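File shown here: input-v4.cif, holding mmCIF, C-alpha atoms and all ligand atoms.
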data_data
#
loop_
_atom_site.label_atom_id
_atom_site.label_comp_id
_atom_site.auth_asym_id
_atom_site.auth_seq_id
_atom_site.Cartn_x
_atom_site.Cartn_y
_atom_site.Cartn_z
CA MET A 1 79.23 99.10 51.51
CA SER A 2 78.74 101.47 54.43
CA THR A 3 81.13 101.70 57.34
CA PHE A 4 78.58 100.07 59.62
CA GLU A 5 78.28 97.13 57.23
CA LEU A 6 82.05 96.92 56.98
CA ILE A 7 82.47 96.46 60.69
CA GLY A 8 79.54 94.06 60.92
CA PHE A 9 77.06 96.29 62.73
CA ARG A 10 74.60 96.80 59.88
CA ASP A 11 71.58 96.28 62.11
CA LEU A 12 73.09 97.80 65.22
CA PRO A 13 74.24 101.33 64.36
CA LEU A 14 74.21 102.39 68.00
CA ALA A 15 76.50 99.56 68.99
CA ALA A 16 78.69 100.43 66.02
CA CYS A 17 78.86 104.01 67.22
CA PHE A 18 80.06 102.80 70.59
CA THR A 19 82.58 100.53 68.94
CA TRP A 20 83.97 103.37 66.90
CA LEU A 21 84.00 105.60 69.92
CA ALA A 22 85.92 102.98 71.85
CA VAL A 23 88.40 102.58 68.97
CA VAL A 24 88.92 106.34 68.77
CA LEU A 25 89.39 106.61 72.53
CA ILE A 26 91.89 103.75 72.57
CA LEU A 27 93.81 105.29 69.66
CA TYR A 28 93.79 108.66 71.44
CA GLY A 29 95.05 107.01 74.62
CA VAL A 30 97.84 105.21 72.78
CA CYS A 31 98.89 108.39 70.93
CA ALA A 32 98.80 110.43 74.17
CA TRP A 33 100.89 107.78 75.93
CA LEU A 34 103.41 107.67 73.09
CA TRP A 35 103.63 111.47 72.96
CA ALA A 36 104.16 111.60 76.73
CA ARG A 37 107.05 109.14 76.35
CA VAL A 38 108.56 111.09 73.46
CA ARG A 39 108.19 114.33 75.42
CA ARG A 40 110.03 112.80 78.36
CA GLN A 41 112.84 111.36 76.23
CA TRP A 42 113.31 114.26 73.83
CA VAL A 43 115.51 116.55 75.86
CA GLY A 44 115.92 120.19 74.90
CA ILE A 45 117.86 121.53 77.88
CA PRO A 46 119.93 118.61 79.19
CA PHE A 47 121.12 118.44 82.76
CA SER A 48 124.11 116.51 81.45
CA GLY A 49 125.90 119.61 80.17
CA THR A 50 128.42 120.98 82.63
CA GLY A 51 127.94 124.53 83.81
CA HIS A 52 124.15 124.20 83.78
CA CYS A 53 122.45 125.68 86.88
CA CYS A 54 119.00 126.00 88.44
CA PHE A 55 117.49 128.24 91.09
CA ILE A 56 114.47 127.23 93.18
CA THR A 57 112.73 129.51 95.65
CA GLY A 58 111.31 128.11 98.90
CA ALA A 59 113.61 125.09 98.67
CA GLY A 60 114.10 124.72 102.42
CA ASP A 61 111.00 122.61 102.88
CA GLY A 62 108.17 120.73 101.19
CA LEU A 63 107.89 120.63 97.44
CA GLY A 64 110.76 123.05 96.78
CA GLN A 65 113.05 120.74 98.70
CA ARG A 66 111.83 117.72 96.71
CA VAL A 67 112.42 119.54 93.42
CA ALA A 68 115.89 120.64 94.53
CA LEU A 69 116.83 117.08 95.52
CA ARG A 70 115.44 115.71 92.25
CA PHE A 71 117.39 118.22 90.17
CA ALA A 72 120.57 117.54 92.18
CA ALA A 73 120.06 113.78 91.71
CA GLU A 74 119.81 114.36 87.97
CA TYR A 75 123.11 116.29 87.96
CA ALA A 76 124.69 113.56 90.07
CA ALA A 77 123.45 110.86 87.70
CA HIS A 78 125.05 112.60 84.74
CA HIS A 79 128.23 114.04 86.21
CA CYS A 80 129.35 111.59 88.87
CA SER A 81 129.52 108.73 86.39
CA GLN A 82 131.69 110.58 83.89
CA GLU A 83 135.27 109.37 83.92
CA GLU A 84 136.75 112.75 83.24
CA PHE A 85 135.40 113.92 86.62
CA ALA A 86 136.24 110.79 88.53
CA ASP A 87 139.50 112.21 89.85
CA ARG A 88 137.86 115.34 91.17
CA GLY A 89 137.03 113.65 94.44
CA PRO A 90 134.09 115.05 96.38
CA ASP A 91 134.33 118.52 94.87
CA LEU A 92 132.14 118.54 91.78
CA SER A 93 130.47 121.75 92.88
CA PRO A 94 131.60 124.11 90.16
CA LEU A 95 130.26 121.79 87.47
CA SER A 96 126.57 122.44 87.96
CA GLN A 97 124.58 123.82 90.84
CA VAL A 98 121.07 123.81 92.20
CA PHE A 99 120.79 127.18 93.92
CA CYS A 100 118.27 126.59 96.72
CA GLY A 101 116.43 129.68 97.94
CA VAL A 102 116.05 129.38 101.73
CA LEU A 103 114.90 131.78 104.44
CA SER A 104 118.00 131.42 106.63
CA GLU A 105 121.51 130.03 106.48
CA GLU A 106 120.56 127.52 109.14
CA GLN A 107 117.77 126.21 106.89
CA GLY A 108 120.32 125.90 104.07
CA ARG A 109 122.67 123.82 106.23
CA ALA A 110 119.76 121.61 107.27
CA LEU A 111 118.86 121.08 103.62
CA VAL A 112 122.37 119.97 102.67
CA GLY A 113 122.52 117.76 105.77
CA LEU A 114 119.23 116.12 104.81
CA ALA A 115 120.42 115.54 101.25
CA ARG A 116 123.62 113.98 102.56
CA GLN A 117 121.60 111.73 104.84
CA GLN A 118 119.10 110.67 102.17
CA THR A 119 121.25 110.39 99.09
CA GLY A 120 124.86 110.59 100.18
CA ASP A 121 127.46 113.09 99.04
CA ASP A 122 126.74 112.57 95.33
CA CYS A 123 123.58 114.59 95.45
CA ALA A 124 124.40 116.98 98.31
CA ARG A 125 127.43 118.52 96.59
CA PHE A 126 125.25 119.92 93.84
CA LEU A 127 123.09 121.85 96.31
CA HIS A 128 124.01 125.46 96.94
CA PRO A 129 121.75 127.17 99.51
CA VAL A 130 121.30 130.91 99.12
CA VAL A 131 119.16 133.12 101.34
CA CYS A 132 116.17 134.50 99.44
CA ASP A 133 113.03 135.98 101.01
CA VAL A 134 110.80 136.50 97.98
CA ALA A 135 108.76 139.08 99.89
CA SER A 136 111.76 141.40 100.13
CA ASP A 137 113.24 143.44 97.26
CA ALA A 138 116.61 143.64 99.02
CA SER A 139 116.79 139.90 99.69
CA VAL A 140 115.89 138.94 96.11
CA GLU A 141 118.40 141.44 94.74
CA ALA A 142 121.15 140.15 97.06
CA CYS A 143 120.31 136.57 96.03
CA ARG A 144 120.43 137.45 92.33
CA LYS A 145 123.84 139.03 92.83
CA THR A 146 125.16 136.01 94.73
CA VAL A 147 123.97 133.63 92.02
CA GLU A 148 125.23 135.85 89.20
CA ASP A 149 128.67 136.35 90.80
CA TYR A 150 129.06 132.65 91.53
CA CYS A 151 128.11 131.72 87.98
CA ALA A 152 130.48 134.30 86.50
CA GLN A 153 133.32 133.12 88.73
CA HIS A 154 132.87 129.43 87.81
CA GLY A 155 131.77 129.80 84.20
CA LEU A 156 128.25 128.54 84.89
CA ALA A 157 124.99 129.45 83.14
CA LEU A 158 121.67 129.71 84.97
CA LYS A 159 119.17 127.86 82.80
CA VAL A 160 116.17 127.19 85.02
CA VAL A 161 114.37 129.27 87.65
CA VAL A 162 111.49 127.81 89.69
CA ASN A 163 109.08 130.17 91.45
CA ASN A 164 108.01 127.76 94.18
CA ALA A 165 107.97 129.69 97.49
CA GLY A 166 104.47 129.99 98.84
CA VAL A 167 102.25 130.55 101.84
CA SER A 168 98.59 129.78 102.33
CA ALA A 169 95.59 130.74 104.43
CA PHE A 170 92.54 128.63 105.16
CA GLY A 171 89.46 130.38 106.51
CA PHE A 172 86.27 132.12 105.49
CA ALA A 173 86.76 135.44 103.76
CA GLU A 174 84.47 137.36 106.13
CA CYS A 175 86.77 136.70 109.03
CA LEU A 176 90.20 136.13 107.50
CA PRO A 177 92.28 139.21 108.39
CA LEU A 178 93.17 141.53 105.52
CA ALA A 179 96.79 141.05 106.49
CA ARG A 180 96.54 137.41 105.47
CA PHE A 181 95.24 138.38 102.01
CA ARG A 182 98.15 140.82 101.70
CA GLN A 183 100.69 138.25 102.89
CA ASN A 184 99.45 135.65 100.37
CA MET A 185 99.63 138.19 97.53
CA GLU A 186 103.04 139.42 98.70
CA VAL A 187 104.67 135.98 98.74
CA ASN A 188 102.75 134.00 96.11
CA PHE A 189 102.18 136.69 93.50
CA PHE A 190 104.53 139.64 94.08
CA GLY A 191 107.23 137.17 95.14
CA ALA A 192 106.98 135.49 91.74
CA VAL A 193 106.98 138.88 90.01
CA ARG A 194 110.03 140.00 91.99
CA VAL A 195 112.05 136.86 91.32
CA SER A 196 111.04 136.76 87.63
CA LYS A 197 112.04 140.40 87.11
CA ALA A 198 115.37 139.84 88.84
CA PHE A 199 116.32 136.66 86.99
CA LEU A 200 114.80 137.13 83.54
CA PRO A 201 117.73 139.14 82.18
CA ILE A 202 119.99 136.21 83.12
CA LEU A 203 117.62 133.63 81.63
CA ARG A 204 117.32 135.61 78.41
CA ALA A 205 121.09 135.87 78.14
CA ASN A 206 121.39 132.09 78.67
CA LYS A 207 118.68 131.00 76.23
CA PRO A 208 117.29 128.44 75.70
CA SER A 209 116.15 128.54 79.29
CA ARG A 210 113.10 127.91 81.47
CA LEU A 211 111.00 129.73 84.04
CA LEU A 212 108.73 127.39 86.02
CA ASN A 213 105.89 128.71 88.16
CA MET A 214 104.37 126.61 90.92
CA GLY A 215 100.67 127.41 90.72
CA SER A 216 97.71 125.47 92.01
CA VAL A 217 94.71 123.74 90.46
CA GLY A 218 92.67 125.97 92.74
CA ALA A 219 93.43 128.80 90.36
CA LEU A 220 91.29 127.02 87.74
CA LYS A 221 88.25 126.50 89.90
CA ALA A 222 88.22 128.35 93.19
CA SER A 223 86.40 126.95 96.19
CA GLY A 224 85.38 128.12 99.65
CA PHE A 225 87.81 128.93 102.47
CA GLY A 226 90.77 129.52 100.20
CA SER A 227 90.04 133.12 99.15
CA ALA A 228 93.39 134.64 100.15
CA TYR A 229 95.48 131.80 98.74
CA LEU A 230 93.47 131.06 95.60
CA CYS A 231 93.25 134.72 94.53
CA SER A 232 97.02 135.01 94.77
CA LYS A 233 97.45 131.80 92.74
CA ALA A 234 94.93 132.99 90.13
CA ALA A 235 96.97 136.20 89.77
CA MET A 236 100.11 134.11 89.42
CA CYS A 237 98.38 132.01 86.76
CA HIS A 238 97.74 135.13 84.65
CA LEU A 239 101.27 136.33 85.28
CA ASN A 240 102.45 133.00 83.90
CA GLU A 241 100.37 133.44 80.72
CA CYS A 242 101.64 136.99 80.15
CA LEU A 243 105.26 135.97 80.65
CA ARG A 244 104.81 132.96 78.40
CA GLU A 245 103.70 135.09 75.47
CA GLU A 246 106.35 137.72 76.07
CA LEU A 247 109.29 135.37 76.53
CA GLN A 248 108.71 132.48 74.16
CA PRO A 249 110.04 134.43 71.17
CA LEU A 250 113.10 135.32 73.22
CA GLY A 251 114.06 131.73 73.99
CA VAL A 252 112.69 131.44 77.54
CA ARG A 253 109.89 128.88 77.92
CA VAL A 254 107.53 129.72 80.79
CA VAL A 255 105.76 126.69 82.23
CA MET A 256 103.15 126.43 84.96
CA LEU A 257 102.85 123.44 87.27
CA GLN A 258 99.43 123.16 88.87
CA PRO A 259 99.38 120.53 91.60
CA GLY A 260 96.30 119.44 93.48
CA PHE A 261 96.40 118.96 97.24
CA PHE A 262 99.32 116.99 98.60
CA ALA A 263 100.52 116.58 102.15
CA SER A 264 102.97 119.31 103.21
CA ASN A 265 103.36 121.95 105.90
CA LEU A 266 101.58 124.50 103.73
CA LEU A 267 98.03 123.64 104.71
CA ASP A 268 98.88 122.88 108.34
CA ARG A 269 100.33 126.34 108.72
CA ALA A 270 97.44 127.83 106.80
CA SER A 271 94.75 126.44 109.06
CA SER A 272 96.55 127.11 112.31
CA ASN A 273 97.25 130.70 111.31
CA GLY A 274 93.67 131.23 110.19
CA ALA A 275 92.28 129.95 113.49
CA SER A 276 94.61 131.82 115.79
CA GLU A 277 94.14 135.13 114.05
CA SER A 278 90.38 134.98 113.95
CA ASP A 279 88.52 137.51 116.02
CA PRO A 280 86.88 135.77 119.01
CA ALA A 281 83.99 138.20 118.71
CA LEU A 282 83.06 136.39 115.53
CA SER A 283 82.68 133.02 117.22
CA ARG A 284 78.96 132.94 116.40
CA VAL A 285 79.78 133.37 112.74
CA TYR A 286 82.28 130.56 113.11
CA CYS A 287 79.44 128.30 114.12
CA ASP A 288 77.64 129.15 110.88
CA TYR A 289 80.72 128.34 108.82
CA GLY A 290 82.14 125.62 111.04
CA ALA A 291 80.40 122.60 109.51
CA MET A 292 81.26 123.67 105.96
CA MET A 293 84.89 124.29 106.90
CA ALA A 294 85.11 120.87 108.51
CA GLU A 295 83.64 119.32 105.36
CA THR A 296 86.15 121.16 103.16
CA ALA A 297 89.04 120.12 105.41
CA LYS A 298 87.84 116.52 105.14
CA ASN A 299 87.72 116.72 101.32
CA ILE A 300 91.22 118.19 101.23
CA ALA A 301 92.47 115.33 103.39
CA ILE A 302 90.85 112.82 100.99
CA PHE A 303 92.56 114.38 97.98
CA GLU A 304 95.87 114.54 99.83
CA ARG A 305 95.60 110.80 100.40
CA LEU A 306 94.49 110.07 96.84
CA ASN A 307 97.24 112.23 95.38
CA GLY A 308 99.79 110.63 97.67
CA GLY A 309 99.94 107.81 95.16
CA ILE A 310 100.09 109.53 91.79
CA GLY A 311 100.11 113.26 92.41
CA GLY A 312 102.28 113.66 95.49
CA ALA A 313 105.46 115.70 95.83
CA ALA A 314 107.66 113.06 94.17
CA CYS A 315 105.43 113.03 91.10
CA ILE A 316 105.37 116.84 90.98
CA ALA A 317 109.17 116.96 91.24
CA GLU A 318 109.32 114.54 88.30
CA ALA A 319 107.00 116.81 86.30
CA ALA A 320 109.19 119.80 87.22
CA LEU A 321 112.21 117.95 85.84
CA GLU A 322 110.34 117.25 82.60
CA ALA A 323 109.22 120.88 82.40
CA ALA A 324 112.82 122.00 82.91
CA THR A 325 114.41 119.70 80.37
CA ALA A 326 111.94 118.48 77.72
CA ARG A 327 112.36 119.76 74.20
CA PHE A 328 108.61 120.36 74.04
CA PRO A 329 107.34 120.87 77.58
CA LYS A 330 103.63 121.34 78.18
CA SER A 331 102.55 124.89 78.91
CA ARG A 332 100.78 123.60 82.01
CA TYR A 333 101.18 120.49 84.05
CA LEU A 334 97.98 119.59 85.86
CA LEU A 335 98.95 117.23 88.63
CA GLY A 336 96.79 115.12 90.89
CA ILE A 337 93.30 113.72 90.72
CA ASP A 338 91.67 116.93 91.93
CA GLY A 339 93.61 118.70 89.17
CA TYR A 340 91.66 116.84 86.52
CA ILE A 341 88.36 117.15 88.37
CA ARG A 342 88.75 120.91 88.79
CA ALA A 343 89.94 121.38 85.22
CA THR A 344 86.84 119.52 84.02
CA LEU A 345 84.55 121.59 86.23
CA SER A 346 86.23 124.84 85.31
CA PRO A 347 83.91 126.83 83.03
CA VAL A 348 86.65 128.83 81.36
CA GLY A 349 89.77 127.10 82.59
CA PRO A 350 92.63 126.61 80.19
CA ARG A 351 93.19 123.13 78.83
CA PRO A 352 95.83 121.03 80.57
CA ASP A 353 98.29 121.28 77.70
CA GLY A 354 97.65 125.00 77.34
CA ALA A 355 96.76 124.44 73.72
CA GLY A 356 94.33 127.31 73.85
CA GLY A 357 96.97 129.68 75.19
CA SER A 358 99.74 131.49 73.44
CA THR A 359 99.61 131.81 69.69
CA CYS A 360 102.87 133.72 69.63
CA ARG A 361 105.25 131.02 68.41
CA ASP A 362 107.02 132.95 65.70
CA SER A 363 110.58 133.76 66.68
CA SER A 364 110.50 136.82 64.45
CA TRP A 365 107.72 138.34 66.55
CA THR A 366 108.57 141.79 67.85
CA GLN A 367 106.99 144.04 70.40
CA PRO A 368 104.36 146.20 68.66
CA ALA A 369 104.63 149.90 69.36
CA LEU A 370 101.86 150.75 71.78
CA GLY A 371 99.55 153.62 70.86
CA ARG A 372 100.61 153.49 67.20
CA ARG A 373 98.44 151.70 64.63
N1 LIG B 1 100.64 121.55 99.43
C1 LIG B 1 99.71 121.63 98.50
O1 LIG B 1 98.67 120.97 98.58
C2 LIG B 1 99.93 122.52 97.30
C3 LIG B 1 99.02 122.44 96.26
C4 LIG B 1 99.18 123.23 95.14
C5 LIG B 1 100.27 124.07 95.06
N2 LIG B 1 101.15 124.14 96.09
C6 LIG B 1 102.26 125.09 95.93
O2 LIG B 1 103.51 124.43 96.05
C7 LIG B 1 104.49 125.36 96.54
C8 LIG B 1 105.24 124.72 97.68
O3 LIG B 1 104.32 124.47 98.74
P1 LIG B 1 104.51 123.28 99.81
O4 LIG B 1 103.24 122.54 99.86
O5 LIG B 1 105.77 122.57 99.57
O6 LIG B 1 104.56 124.15 101.14
P2 LIG B 1 105.69 124.32 102.26
O7 LIG B 1 106.16 122.98 102.71
O8 LIG B 1 105.14 125.25 103.28
O9 LIG B 1 106.87 125.03 101.45
C9 LIG B 1 106.83 126.38 101.12
C10 LIG B 1 108.22 126.90 101.13
O10 LIG B 1 108.19 128.30 100.83
C11 LIG B 1 108.98 128.96 101.81
N3 LIG B 1 108.58 130.35 101.99
C12 LIG B 1 107.52 130.86 102.66
N4 LIG B 1 107.54 132.21 102.61
C13 LIG B 1 108.63 132.54 101.90
C14 LIG B 1 109.21 133.77 101.51
N5 LIG B 1 108.68 134.95 101.85
N6 LIG B 1 110.36 133.76 100.78
C15 LIG B 1 110.94 132.59 100.44
N7 LIG B 1 110.46 131.40 100.80
C16 LIG B 1 109.31 131.37 101.51
C17 LIG B 1 108.80 128.15 103.08
O11 LIG B 1 109.83 128.44 103.99
P3 LIG B 1 109.63 128.08 105.57
O12 LIG B 1 109.52 126.59 105.60
O13 LIG B 1 110.86 128.55 106.22
O14 LIG B 1 108.41 128.79 106.00
C18 LIG B 1 108.87 126.75 102.51
O15 LIG B 1 110.20 126.35 102.35
C19 LIG B 1 103.72 126.62 96.95
O16 LIG B 1 103.86 127.58 95.94
C20 LIG B 1 102.29 126.14 97.02
O17 LIG B 1 101.38 127.18 96.77
C21 LIG B 1 101.01 123.38 97.20
#
Show this structure as C-alpha cells.
Ligand SMILES: NC(=O)c1ccc[n+]([C@@H]2O[C@H](COP(=O)([O-])OP(=O)(O)OC[C@H]3O[C@@H](n4cnc5c(N)ncnc54)[C@H](OP(=O)(O)O)[C@@H]3O)[C@@H](O)[C@H]2O)c1
Amino acid sequence: MSTFELIGFRDLPLAACFTWLAVVLILYGVCAWLWARVRRQWVGIPFSGTGHCCFITGAGDGLGQRVALRFAAEYAAHHCSQEEFADRGPDLSPLSQVFCGVLSEEQGRALVGLARQQTGDDCARFLHPVVCDVASDASVEACRKTVEDYCAQHGLALKVVVNNAGVSAFGFAECLPLARFRQNMEVNFFGAVRVSKAFLPILRANKPSRLLNMGSVGALKASGFGSAYLCSKAAMCHLNECLREELQPLGVRVVMLQPGFFASNLLDRASSNGASESDPALSRVYCDYGAMMAETAKNIAIFERLNGGIGGAACIAEAALEAATARFPKSRYLLGIDGYIRATLSPVGPRPDGAGGSTCRDSSWTQPALGRR
C-alpha cells in the first residue's frame, strides 16, 4: 500500500502532498518551538554565579540602557534573594556588576537614577557606569583599565562584552557629507574593533565567555538612504564572522544581534543631522530624492510600530540575555518583522541561526602558519 493510500488520499495525490507538507511544517514548528525553549532554559554562563560581570558600550541611552537594566535585573533576581547575602544591606555591588559604557559621568549618574526610579535599589546597585567613548583609543583603554582594576580588586570575572554603541545617518549618498560616512565607520565599526581588541584578552582569560555585537538587519539587505550607516554595519557583520571563527576554539562565543527598526533616538538624530548638514546648493537634487526619502521614512515608521510589539527594545534585551547566557546561543539573532523580511529577500544573506557560518567547532583547532603549506 502506497503512502497516499495509507493516508486516504489515493485519488487526490495533490491534496495528500499538501497534507504531508502541512504535517511537516507543523512538526518543524513544534521542534523549533521546543528547541527555542530548551535553548532558553539550558544555561551555559549563568548570571547566578557571584563575581560574574558584563560590559555594555553605549549604555547611557536606548537599547544599551535596556540591555544594562535587563542584565542588572537578572543579577538582582539571583543575588538579592539569596539568604547568605541578605545581611549585606544595600551594598551588593562587589558581587556582580554591569559595567555601563557612557559618554560622560553625568550620563552615568542619570542612568543609575533612572534604574533606581524604575526598579528600585535592587537593580540599580548592580549598575556601574564607566566613561567609554568607543571612537577614542585613549578612552577605551582607560575604560578597560578601570574595569580590569575593579574586577581584580573585588575578585570579579568579566564574562560578557556587548558592542552596542552606535550612530546613524539618514540621507542620500550623493549629498551625505563624507564626514558622516567616516563618523559611522568610526563609531559602529572601528568602535567595535577597538573595544573587542581591548577586552578580548580578558574574555579569553575568563572563558567560557561571550562577545555580543549589536548589528542591524540592514546589513543583510541594504536599502536606500542608509549608505553611511548600513556600510558600517555590514563591515561589523563581517567582523563578527571573523571573530566568531577565531574565538570559538578559545572559549569565547561571538554572537550577533540583528534588530530591525525600533523606536529610539538613533534614527531621530540620524535624520536631523543629515538634513542640517546638507548643502543648500543641492536643494534641487533634494527635490528629486525627496519623495523617495519620505516614502522610506514612512516605511521605517511602520516597521517601528510593528516591531514595537514583538521586536522592540525589550524583546532585543531579552534576546541579548539569552545570547549572553544560553549554553547553545544562536550565532545570529534576527529580531523584528523586517528582520525576517530582509533575511528572506537577501540573495546571499546568512541564515538566521548562522548554520551556514563557522565550521570551526573543533577545540583542538590551531592557527595555521600563514605562507607555509
Ligand atoms: N534603533 C534602531 O532601529 C536600530 C536598529 C538596528 C540596530 N540598532 C543598533 O542598536 C544599537 C543601539 O542603538 P539605539 O537605537 O539604542 O540608539 P541610541 O538610543 O542613539 O543609543 C546609542 C547609544 O550609543 C551611544 N554612543 C554614540 N556614540 C558613541 C561613542 N562614540 N562612544 C560610546 N557611545 C556612543 C549614545 O550615546 P549618546 O546618547 O550620549 O549619544 C547612545 O547611548 C546601535 O548599535 C544601533 O546601530 C538600532
For Arg116 of chain A, work out the shell of residues within 12 Å, counting only C-alpha atoms and skipping chain neighbours fewer than 5 positions away, then give it as a PDB file with C-alpha atoms, keeping the file's coordinate frame.
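File selection36.pdb, as written:
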ATOM      1  CA  LEU A  69     116.830 117.080  95.520  1.00  0.00           C
ATOM      2  CA  ALA A  72     120.570 117.540  92.180  1.00  0.00           C
ATOM      3  CA  ALA A  73     120.060 113.780  91.710  1.00  0.00           C
ATOM      4  CA  ARG A 109     122.670 123.820 106.230  1.00  0.00           C
ATOM      5  CA  ALA A 110     119.760 121.610 107.270  1.00  0.00           C
ATOM      6  CA  LEU A 111     118.860 121.080 103.620  1.00  0.00           C
ATOM      7  CA  ASP A 121     127.460 113.090  99.040  1.00  0.00           C
ATOM      8  CA  ASP A 122     126.740 112.570  95.330  1.00  0.00           C
ATOM      9  CA  CYS A 123     123.580 114.590  95.450  1.00  0.00           C
ATOM     10  CA  ALA A 124     124.400 116.980  98.310  1.00  0.00           C
ATOM     11  CA  ARG A 125     127.430 118.520  96.590  1.00  0.00           C
ATOM     12  CA  PHE A 126     125.250 119.920  93.840  1.00  0.00           C
ATOM     13  CA  LEU A 127     123.090 121.850  96.310  1.00  0.00           C
TER      14      LEU A 127
END
Taking all atoms of segment 108-115 of chain A that the file lists, what box with edges along x, y and z, padded by 6 Å per side, do you get, with centre and edge lengths in Å to one decimal, as JSON?
{"center_x": 120.8, "center_y": 120.7, "center_z": 104.3, "size_x": 15.8, "size_y": 22.4, "size_z": 18.0}
Test item: residues no farther than 7 Å from ligand LIG 1 (chain B), counting all atoms listed in the file, as a ChimeraX atom specification: /A:57-64,101-103,132-135,164-168,187-188,214-217,258-267
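Proximity ranking of A:Pro201, A:Gly29, A:Pro177, A:Gly226 relative to Ala297 of chain A places A:Gly226 first, based on only C-alpha atoms.
Between Lys159 of chain A and the candidates A:Val98, A:Leu335, A:Leu257, A:Ala173, the tightest atom-to-atom separation, counting all atoms listed in the file, involves A:Val98.
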Using atom CA of Ala313 of chain A and atom CA of Arg204 of chain A as the two end points, give the distance in Å to one decimal.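 Between atom CA of Ala313 of chain A and atom CA of Arg204 of chain A the gap is 29.0 Å.
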Measure the distance from atom CA of Leu158 of chain A to atom CA of Val67 of chain A in Å and round it to one decimal.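 Distance between the two atoms: 16.1 Å.
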Rank A:Ser48, A:Ser223, A:Gln248, A:Ser136 by their smallest atom-to-atom distance to Phe172 of chain A, using only C-alpha atoms, and report the top residue only.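 Residue with the minimum atom-to-atom distance to Phe172 of chain A: A:Ser223.
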Interatomic distance, atom CA of Phe181 of chain A to atom CA of Val193 of chain A (Å, one decimal): 16.8 Å
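Among the candidates A:Arg182, A:His128, A:Arg244, A:Lys330, the one nearest to Cys231 of chain A when counting all atoms listed in the file is A:Arg182.
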Nearby residues, (104.0, 132.7, 90.0) file frame, 6 Å, only C-alpha atoms, as a PyMOL selection string: chain A and resi 163+189+192+213+236
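Ranking A:Cys143, A:Ile337, A:Ala323, A:Cys175 by their shortest atom-to-atom distance to Leu306 of chain A, with all atoms listed in the file included, puts A:Ile337 first.
For the set A:Val162, A:Ala77, A:Val112, A:Ile300, the residue with the smallest atom-to-atom gap to Asn240 of chain A is A:Val162, counting only C-alpha atoms.
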Quick one: residues within 12 Å of Thr146 of chain A, only C-alpha atoms, excluding same-chain residues fewer than 2 positions away - as number ranges by chain? A: 55, 99-101, 128-132, 139-144, 148-153, 199
